Structure formats: C-alpha cells, structure tokens
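> I'd like to ask some things about the structure below.
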Amino acid sequence: MAIVVTHVCWRCGAPQGSAPRAWVRCERCDVLVAFDFQTWLESEDHAAWLARHGAQVAEWDAYTRDVAAADRAVAAGEHATAEGHLRRACARLFDLTPHVFPPEVHVDHERREAHLAYAVWWQRMQRLDPELRALAADLRANQARMDLRDPWPTIERSIALVAKQIERGERLEPPPDPDGLPMPARVRVAQSFLLSAYLHLLDPDRRLEALRALYGAARVVASVPHDDADGETDARAPDDALGLYFDFACPRCGLVTLTARGATEVTCVGCHHRRPFRDEDLRLGGVAFGCAACGAPLAIDATDLVTECTFCGAAQRRAARTGNVERAFARSVAATHALGGPAEEVVQGVVARPEQRDALVLAGLARQALWFAKLVSPRRFAGILRASLGERWRDEAVIARLVEGIRREGGAVEDAIELVRTAASSAPR
Ligand SMILES: [Zn+2]
Ligand SMILES: [Zn+2]
Ligand SMILES: [Zn+2]
C-alpha cells in the first residue's frame, strides 16, 4: 500500500496544481494550505540547511542566551527588554529552522516583519498568560513521553494541544496572522506541520488514518501496486516507503536488515555482505490510484514521488521519502574529510554455506532486536522476522534459538526479547 495525498484549498476548494512545495499554497488564491515535511526533506532548501547546520552551533548558543535573557526580563517585569531579546531570538530562528517559516520570510521584508511580530507575540504570551504557559508545558511534557515503538498517542495529543494553543491565543487578540489565515486555517496548517513531521514514525495503517482525519478521507488515497508498461504487476511498493528505515534483503544469507533511509551503503548485519546503495533498494514501485480531485485514473511511476493529473492538473504526491538529500550530504562529508566512505563495490562477507545460513540469519536478527528494541514497533520487527525466516518466522523452536542468541550477545536483552516475542505473536501482515 502506498499513500497519495492531494491538498485542497480551504478557501476556494481548488486542488493544488504543479509540483508540490513544502509550504503548500493554493495556485488560484495563494493562501497557505498545508505543510508537507516529506517535500521539505527532498528539497534543495533542506540540502542547503544540512550543509550549513554544523556551522550554526554558535548561533544556537546565541539563541539560547537570548531566550534566557528574555525569561529573566519577564521575571523582573521588564517587558520592553524582554521583547527585545525575544525579537532577536525569533529572528535567529528564520535561519536556524528555515522550514518552520514560509520561504517568503527570506525575500519579502514585509512578510518577514509580520512573521517576526507574530512569533514574538506568541513567545511573550506563552510567558505571561497562565493558560498558554500551562499548554506549552503540557506540550513539552507530552513530547518528552514519546515512545518510538508506539508514538501515536503522543502525536495525537500534541495535535490536539496545538489546536488548543491557537484557540486560546485567538482570545488574547494576537497581531494579524502573518499569512492572512483565519484561525481555523491556522490550526489546520499547524496540525499539518506537526503530523507530517512525525508521519515517518507511524505504522502505515495509522498514517493513512491520521492523514484522512486531517485532510478528509477523499483527499488521501491508499493506492494499489500498478501494472508496468510490460504488463507485469509491480507489487514492490512497500509499506515503509515513508519510514526511517528500509529493508535490505541480503542476496547471500537471506537476512533482512533495517537500514537507515539516508544510508550510502547497505550492509547485512548477519554475514557482513556490503555494497553501495542503489536507488532500487528503496523499492518505490509504481502506484495506481484515482485522482482525489476529479476521479481520473492516475499512476505514479516507480521511484517517482509526484504526478500531475492530466485531466484536472491537480498535483498528487505519494507519502514517501528517498533519503537522497541526506545521502548526498553524507557522501560530501565523507569526501571532504577523506573518510572511508561507502563500499565502492560488493564486499563479500562470510561465505554462507547453506548449513551456516540459519546461524548467520539468527545472529543478525538477534543484533537487530538489541539495537532496535526501543526504536521500532513489534509490527515492524514482525516484517523483518517474516522476510528473513519465511514460513518459520513464528516457529517456537526458531524463536527460542533467536532468544538464546540475544542472551549470548548481551546488553539490554530483556527489551530485545520482548520485541521478538511480541513480534512473533502478532498477526501476520
Ligand atoms: Zn484557493
Ligand atoms: Zn547476509
Ligand atoms: Zn484530476
């Protein structure tokens, strides 16, 4: 299953045309409609930000000092001084976290000032208004409770808290919205920012549910694998096209290894077979779906992320990411610092004779259970077990050997064993 989203203007109802930008604007009436984190992650702006991010430590320090000075001034009742510190702090954020603001703030002086005034007002009120202060504390505490194995309760609550914050702010008469949004649209854009920032942590079914709740069921379609030009059904589009990790299936021992999406090489953690990353490792197969704006049958080709409807012009983007920007950055860092870099070609690991394979696969699964015990859901790990072990993925004797292997490796064994046992007892996908 792949997920395809069509953003529709809250004011005029027009579907978004042309290639999507991270900050989604209506082509017809120019209002801000949504934020799409996946588009940001794939953008040149993200690449530029990664390149300068390391050099911004001093700027972050200065930001922290400005915020602390503002807190002291508020405590001392010196509101004009506090405002000055907050203004400097917020202005620094335009460069430190550029994706948090629409790109116009970098080119349009008036828009920049409007965003600055709005951001400073929020910062000030979150210190002065008891209700906003409590909501901000609640949001921080909630985010701190995030369990990566099951992040949805946290994300869902944060999405609700953001709405409460904006609704409370509205009653305190904020400065004009810097993007000209009425309050309900501002809530939607803020919620869309939050959800899309965490989408990659959710299980695919939950992603679909959450996106449909926010954008409306008709605007978010779950697509089926689509027939290639050669008439073969392409069933490769995986459920994790958006997740933090993709599956690397080792051609030598058969173990499936969770691999970070921006990796420059793939390594089997069973037999240590490795080679450079290839685009097809992402398994972004073609997807077919009905246009969410006009219903026409559409397709997004393998490895593509976007298509434009030939009938109504609506741009539709699959909820997926390639990690290409992070990968290019990792390669450039490796080249600059003359690091080893990824394997130039295939590096054969332990030669796996058929009778050794089981031991290598189980050792690789044991390591992954230890590394990912608190990072992936049991459901995600069930997929790894099933892809690595085939029909034996819930066989008690096999699981018992895997648990033994985890104990032999040592470390946080209890969490790892719990992950394996919960995964092996889960319903097959
Ligand atoms: Zn519009
Ligand atoms: Zn292997
Ligand atoms: Zn259409």
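Identifiers in this document derive from the order of the structure tokens: chains are assigned A, B, ..., residues are numbered from 1 separately in each chain, and ligands are numbered from 1 in order of occurrence.
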Can you pull out the residues contacting region 159-169 of chain A? Cut-off 10 Å, using only C-alpha atoms, and skip same-chain residues under 6 positions away; I want them as an NGL selection string.

:A and (121-122 or 125-126 or 129 or 131-136 or 138-139 or 142 or 183-184 or 186-188 or 190-195 or 214)

> Hey, can you spit out that residue selection with N, CA and C atoms as an mmCIF file, in the first residue's frame?


```cif
data_model
loop_
_atom_site.group_PDB
_atom_site.id
_atom_site.type_symbol
_atom_site.label_atom_id
_atom_site.label_comp_id
_atom_site.auth_asym_id
_atom_site.auth_seq_id
_atom_site.Cartn_x
_atom_site.Cartn_y
_atom_site.Cartn_z
ATOM 1 N N TRP A 121 5.080 37.831 19.666
ATOM 2 C CA TRP A 121 3.854 37.908 20.477
ATOM 3 C C TRP A 121 3.570 36.560 21.137
ATOM 4 N N TRP A 122 3.702 35.469 20.354
ATOM 5 C CA TRP A 122 3.449 34.126 20.904
ATOM 6 C C TRP A 122 4.432 33.798 22.014
ATOM 7 N N MET A 125 3.414 35.817 25.101
ATOM 8 C CA MET A 125 2.190 35.379 25.749
ATOM 9 C C MET A 125 2.363 34.012 26.419
ATOM 10 N N GLN A 126 3.229 33.179 25.858
ATOM 11 C CA GLN A 126 3.479 31.881 26.497
ATOM 12 C C GLN A 126 4.208 32.034 27.828
ATOM 13 N N ASP A 129 0.701 34.587 29.858
ATOM 14 C CA ASP A 129 -0.656 34.070 30.055
ATOM 15 C C ASP A 129 -0.596 32.688 30.717
ATOM 16 N N GLU A 131 -2.718 30.310 31.049
ATOM 17 C CA GLU A 131 -3.298 29.209 30.291
ATOM 18 C C GLU A 131 -2.357 28.752 29.171
ATOM 19 N N LEU A 132 -1.779 29.729 28.456
ATOM 20 C CA LEU A 132 -0.840 29.373 27.384
ATOM 21 C C LEU A 132 0.432 28.746 27.950
ATOM 22 N N ARG A 133 0.829 29.242 29.123
ATOM 23 C CA ARG A 133 2.026 28.691 29.757
ATOM 24 C C ARG A 133 1.787 27.217 30.123
ATOM 25 N N ALA A 134 0.614 26.938 30.664
ATOM 26 C CA ALA A 134 0.282 25.558 31.033
ATOM 27 C C ALA A 134 0.204 24.660 29.794
ATOM 28 N N LEU A 135 -0.377 25.192 28.707
ATOM 29 C CA LEU A 135 -0.481 24.395 27.477
ATOM 30 C C LEU A 135 0.902 24.091 26.901
ATOM 31 N N ALA A 136 1.794 25.092 26.945
ATOM 32 C CA ALA A 136 3.157 24.883 26.429
ATOM 33 C C ALA A 136 3.897 23.843 27.269
ATOM 34 N N ASP A 138 2.490 21.461 28.992
ATOM 35 C CA ASP A 138 1.825 20.194 28.696
ATOM 36 C C ASP A 138 2.391 19.590 27.402
ATOM 37 N N LEU A 139 2.558 20.447 26.395
ATOM 38 C CA LEU A 139 3.076 20.001 25.097
ATOM 39 C C LEU A 139 4.504 19.467 25.229
ATOM 40 N N ASN A 142 4.396 16.175 27.089
ATOM 41 C CA ASN A 142 3.838 15.143 26.214
ATOM 42 C C ASN A 142 4.883 14.659 25.215
ATOM 43 N N MET A 183 -8.390 31.801 11.895
ATOM 44 C CA MET A 183 -7.940 30.893 12.952
ATOM 45 C C MET A 183 -8.075 29.405 12.605
ATOM 46 N N PRO A 184 -9.245 28.950 12.083
ATOM 47 C CA PRO A 184 -9.346 27.514 11.791
ATOM 48 C C PRO A 184 -8.298 27.042 10.764
ATOM 49 N N ARG A 186 -5.325 28.420 10.326
ATOM 50 C CA ARG A 186 -4.042 28.420 11.034
ATOM 51 C C ARG A 186 -3.889 27.127 11.849
ATOM 52 N N VAL A 187 -4.981 26.693 12.469
ATOM 53 C CA VAL A 187 -4.949 25.430 13.224
ATOM 54 C C VAL A 187 -4.607 24.272 12.291
ATOM 55 N N ARG A 188 -5.275 24.247 11.132
ATOM 56 C CA ARG A 188 -5.053 23.158 10.175
ATOM 57 C C ARG A 188 -3.603 23.129 9.690
ATOM 58 N N ALA A 190 -0.969 24.343 11.202
ATOM 59 C CA ALA A 190 -0.091 23.937 12.309
ATOM 60 C C ALA A 190 -0.185 22.432 12.544
ATOM 61 N N GLN A 191 -1.399 21.888 12.467
ATOM 62 C CA GLN A 191 -1.560 20.450 12.676
ATOM 63 C C GLN A 191 -0.928 19.662 11.533
ATOM 64 N N SER A 192 -1.025 20.214 10.331
ATOM 65 C CA SER A 192 -0.443 19.537 9.176
ATOM 66 C C SER A 192 1.082 19.518 9.291
ATOM 67 N N PHE A 193 1.645 20.595 9.843
ATOM 68 C CA PHE A 193 3.095 20.655 10.091
ATOM 69 C C PHE A 193 3.502 19.542 11.064
ATOM 70 N N LEU A 194 2.772 19.470 12.157
ATOM 71 C CA LEU A 194 3.104 18.506 13.212
ATOM 72 C C LEU A 194 2.945 17.063 12.718
ATOM 73 N N LEU A 195 1.813 16.773 12.094
ATOM 74 C CA LEU A 195 1.581 15.396 11.650
ATOM 75 C C LEU A 195 2.614 14.984 10.607
ATOM 76 N N LEU A 214 -7.124 14.362 9.139
ATOM 77 C CA LEU A 214 -6.754 15.770 8.998
ATOM 78 C C LEU A 214 -7.225 16.378 7.669
#
```

> Write out as number ranges by chain the residues lying within 6 Å of region 22-35 of chain A, counting only C-alpha atoms and excluding same-chain residues fewer than 2 positions away.

A: 9, 16, 39-40, 189, 192-193

> Next, write the just-selected residues to a file, as a CSV table (one decimal), in the first residue's frame, keeping C-alpha atoms as the atom set.


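So the final result, stored in part-v3.csv, reads:
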```csv
chain,number,residue,atom,x,y,z
A,9,CYS,CA,-7.5,24.9,-0.8
A,16,GLN,CA,-3.1,22.1,-5.7
A,39,THR,CA,8.6,17.6,0.4
A,40,TRP,CA,10.9,19.6,2.6
A,189,VAL,CA,-1.7,24.4,8.9
A,192,SER,CA,-0.4,19.5,9.2
A,193,PHE,CA,3.1,20.7,10.1
```

> Kindly work out which residues sit at most 6 Å from ligand 2, using only C-alpha atoms and all ligand atoms, and give the list as a list in words.

Cys250, Arg252, Cys253, Gly254, Leu255, Cys268, Gly270, Cys271, His272 and His273 of chain A

> Which polymer residues have any atom within 8 Å of an atom of Glu409 (chain A), counting only C-alpha atoms, with same-chain residues fewer than 4 positions away left out, as a list in words?

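So the residues in contact are Ala366, Arg367 and Gly405 of chain A.
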
> Would you write out those residues with C-alpha atoms, as a JSON list (two decimals), in the first residue's frame?


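New file again18.json:
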```json
[["chain", "number", "residue", "atom", "x", "y", "z"],
["A", 366, "ALA", "CA", 19.50, -11.01, 17.48],
["A", 367, "ARG", "CA", 21.70, -7.93, 16.86],
["A", 405, "GLY", "CA", 21.31, -15.66, 20.56]]
```

> Counting only C-alpha atoms and all ligand atoms, which protein, DNA or RNA residues come within 8 Å of ligand 3, given as a PDB file with N, CA and C atoms, in the first residue's frame?


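Final file, pocket-v1.pdb:
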```pdb
ATOM      1  N   CYS A 291      -7.587   9.961  -9.157  1.00  0.00           N
ATOM      2  CA  CYS A 291      -7.295  11.347  -8.789  1.00  0.00           C
ATOM      3  C   CYS A 291      -8.260  11.799  -7.682  1.00  0.00           C
ATOM      4  N   ALA A 292      -7.697  12.334  -6.605  1.00  0.00           N
ATOM      5  CA  ALA A 292      -8.539  12.727  -5.475  1.00  0.00           C
ATOM      6  C   ALA A 292      -9.351  13.975  -5.793  1.00  0.00           C
ATOM      7  N   ALA A 293      -8.993  14.688  -6.875  1.00  0.00           N
ATOM      8  CA  ALA A 293      -9.740  15.891  -7.227  1.00  0.00           C
ATOM      9  C   ALA A 293     -10.842  15.599  -8.245  1.00  0.00           C
ATOM     10  N   CYS A 294     -10.561  14.750  -9.258  1.00  0.00           N
ATOM     11  CA  CYS A 294     -11.556  14.545 -10.315  1.00  0.00           C
ATOM     12  C   CYS A 294     -11.895  13.080 -10.572  1.00  0.00           C
ATOM     13  N   GLY A 295     -11.163  12.174  -9.927  1.00  0.00           N
ATOM     14  CA  GLY A 295     -11.503  10.765 -10.065  1.00  0.00           C
ATOM     15  C   GLY A 295     -10.838  10.046 -11.227  1.00  0.00           C
ATOM     16  N   ALA A 296     -10.125  10.768 -12.087  1.00  0.00           N
ATOM     17  CA  ALA A 296      -9.482  10.124 -13.237  1.00  0.00           C
ATOM     18  C   ALA A 296      -8.437   9.110 -12.771  1.00  0.00           C
ATOM     19  N   GLU A 308       1.114  14.776 -11.886  1.00  0.00           N
ATOM     20  CA  GLU A 308       0.109  15.818 -12.067  1.00  0.00           C
ATOM     21  C   GLU A 308      -1.007  15.199 -12.893  1.00  0.00           C
ATOM     22  N   CYS A 309      -2.247  15.400 -12.451  1.00  0.00           N
ATOM     23  CA  CYS A 309      -3.379  14.793 -13.158  1.00  0.00           C
ATOM     24  C   CYS A 309      -3.486  15.420 -14.558  1.00  0.00           C
ATOM     25  N   THR A 310      -3.540  14.562 -15.605  1.00  0.00           N
ATOM     26  CA  THR A 310      -3.602  15.075 -16.966  1.00  0.00           C
ATOM     27  C   THR A 310      -4.976  15.659 -17.277  1.00  0.00           C
ATOM     28  N   PHE A 311      -5.976  15.353 -16.438  1.00  0.00           N
ATOM     29  CA  PHE A 311      -7.332  15.856 -16.693  1.00  0.00           C
ATOM     30  C   PHE A 311      -7.598  17.169 -15.966  1.00  0.00           C
ATOM     31  N   CYS A 312      -7.269  17.220 -14.656  1.00  0.00           N
ATOM     32  CA  CYS A 312      -7.629  18.430 -13.901  1.00  0.00           C
ATOM     33  C   CYS A 312      -6.396  19.204 -13.415  1.00  0.00           C
ATOM     34  N   GLY A 313      -5.212  18.663 -13.603  1.00  0.00           N
ATOM     35  CA  GLY A 313      -3.994  19.405 -13.250  1.00  0.00           C
ATOM     36  C   GLY A 313      -3.597  19.318 -11.788  1.00  0.00           C
ATOM     37  N   ALA A 314      -4.368  18.602 -10.958  1.00  0.00           N
ATOM     38  CA  ALA A 314      -4.014  18.528  -9.535  1.00  0.00           C
ATOM     39  C   ALA A 314      -2.704  17.761  -9.353  1.00  0.00           C
TER      40      ALA A 314
END
```
